[in-house]
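Asker: Can you read through this structure? Questions will come right after.
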Amino acid sequence: MGQCHHDKSKPLSYLDLGCGTSSLAGNILTNSPTPVLLVLLDFVSEALHYQKQYISTCTALIPESSCQLVCADVMFLPFGDGCFNIAVDKGTMDALLKDKVNGHSKAQVMMSEVRRVLAPGGRFLQISDEDPDTRLLFLEQLNKVNSSHVLTEQTTLDAQLLGDNCESFVGSTHCQTARTLPVSKQLSSWSFKVIPTSWNKEYFILWSDNHH
């Protein structure tokens, strides 16, 4: 699958889009030989409280790694442009698409935000149980959409100190987000790989790189 490009003098910045109660971040923290800055984002505060407790039990493989907790909407990411090397979606877009009325437009806005915060040479990973041919076509269509619209939303952020390996990202505050995504900023073509599981269910990991 190759590697994303980043400045080796800085930690690899990793954004988990809708972290939920997944153990993925903890596994990365305890196993990564490369310094990582993990940012766990979720709209549900209870999920973040769970992650706070879970991450506090994890010991980072190297002391330079850290973790941050952010309560926000994936459609209004409270981050600057081009600040993440990796963005990961584990079923978040799947959840948005369950909305039969507005799901497609929500996924479009989410994709626009991911492209905006992804650094040049960064990578967007998506894990889904949807048929890869169907999802690949959908993602390619989203990537080609004219996304020059402006997003404006009053977003409440709430981050907390997580433990010895984690640090506070932002305090309880309000962040006015308004930005325009350039039309030319698109990801490369998508690829996928099958992930078998022990319970006879297949998942698919899809990825695309930001070359701009």
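In the structure tokens, chains take letters A, B, ... by order of appearance, with residues numbered from 1 within each chain and ligands from 1 in the order shown.
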Show which residues sit within 7 Å of Asp209 in chain A, as a list of chain:residue names. Count only C-alpha atoms, and ignore same-chain residues fewer than 3 positions away.
Answerer: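 Selected residues are A:Gly121, A:Gly122, A:Arg123, A:Phe124, A:Leu187, A:Ser188.
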Asker: Please provide the set of residues having any atom within 6 Å of range 88-96 of chain A, restricted to only C-alpha atoms, with same-chain residues fewer than 2 positions apart removed, written as an mmCIF file with C-alpha atoms, in the first residue's frame.
Answerer:
```cif
data_model
loop_
_atom_site.group_PDB
_atom_site.id
_atom_site.type_symbol
_atom_site.label_atom_id
_atom_site.label_comp_id
_atom_site.auth_asym_id
_atom_site.auth_seq_id
_atom_site.Cartn_x
_atom_site.Cartn_y
_atom_site.Cartn_z
ATOM 1 C CA ASP A 16 -9.498 9.445 13.316
ATOM 2 C CA LEU A 17 -12.791 10.639 11.794
ATOM 3 C CA GLY A 18 -15.471 9.341 14.133
ATOM 4 C CA LYS A 98 -27.848 5.850 6.008
ATOM 5 C CA ASP A 99 -29.652 9.186 5.753
ATOM 6 C CA GLY A 103 -26.671 11.315 3.134
ATOM 7 C CA PHE A 124 -7.107 9.160 3.308
ATOM 8 C CA LEU A 125 -7.999 5.631 4.452
ATOM 9 C CA GLN A 126 -11.565 4.357 4.580
ATOM 10 C CA ILE A 127 -12.687 1.056 6.105
ATOM 11 C CA SER A 128 -16.116 -0.169 5.001
#
```
Asker: Determine the nearest neighbour of Pro120 in chain A from the options A:Glu64, A:Asp42, A:Glu140, A:Asp81, counting only C-alpha atoms.
Answerer: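 Of A:Glu64, A:Asp42, A:Glu140, A:Asp81, the one nearest Pro120 in chain A, counting only C-alpha atoms, is A:Asp81.
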Asker: Counting only C-alpha atoms, which residue out of A:Ala60, A:Leu24, A:Leu15, A:Val101 sits closest to Leu38 in chain A?
Answerer: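 So, comparing all the options, the nearest one is A:Leu15.
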Asker: Can you tell me how far CA of Cys19 in chain A sits from CA of Val109 in chain A, in Å to one decimal?
Answerer: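 Atom-to-atom, CA of Cys19 in chain A and CA of Val109 in chain A are spaced 18.4 Å apart.
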Asker: What's around Thr30 in chain A at 9 Å? Count only C-alpha atoms, leave out sequence neighbours fewer than 5 positions away in its own chain, and write the answer as a PDB file with C-alpha atoms, in the first residue's frame.
Answerer:
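Ended up saving to part_38.pdb:
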```
ATOM      1  CA  ALA A  25      -5.797   4.388  18.162  1.00  0.00           C
ATOM      2  CA  CYS A  58      -2.179   2.327  26.939  1.00  0.00           C
ATOM      3  CA  THR A  59       1.571   2.819  27.089  1.00  0.00           C
ATOM      4  CA  ALA A  60       3.112   4.493  24.050  1.00  0.00           C
ATOM      5  CA  LEU A  61       5.903   2.530  22.410  1.00  0.00           C
ATOM      6  CA  ILE A  62       7.947   5.726  22.235  1.00  0.00           C
TER       7      ILE A  62
END
```
Asker: How many Å separate CA of Val44 in chain A from CA of Ser23 in chain A?
Answerer: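 Taking CA of Val44 in chain A as the start and CA of Ser23 in chain A as the end point, the length is 16.3 Å.
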Asker: Would you mind telling me which residue in A:Ala87, A:Leu77, A:Val36, A:Leu142 lies nearest to Glu113 in chain A when using only C-alpha atoms?
Answerer: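 Ranking A:Ala87, A:Leu77, A:Val36, A:Leu142 by distance to Glu113 in chain A, first place goes to A:Leu77.
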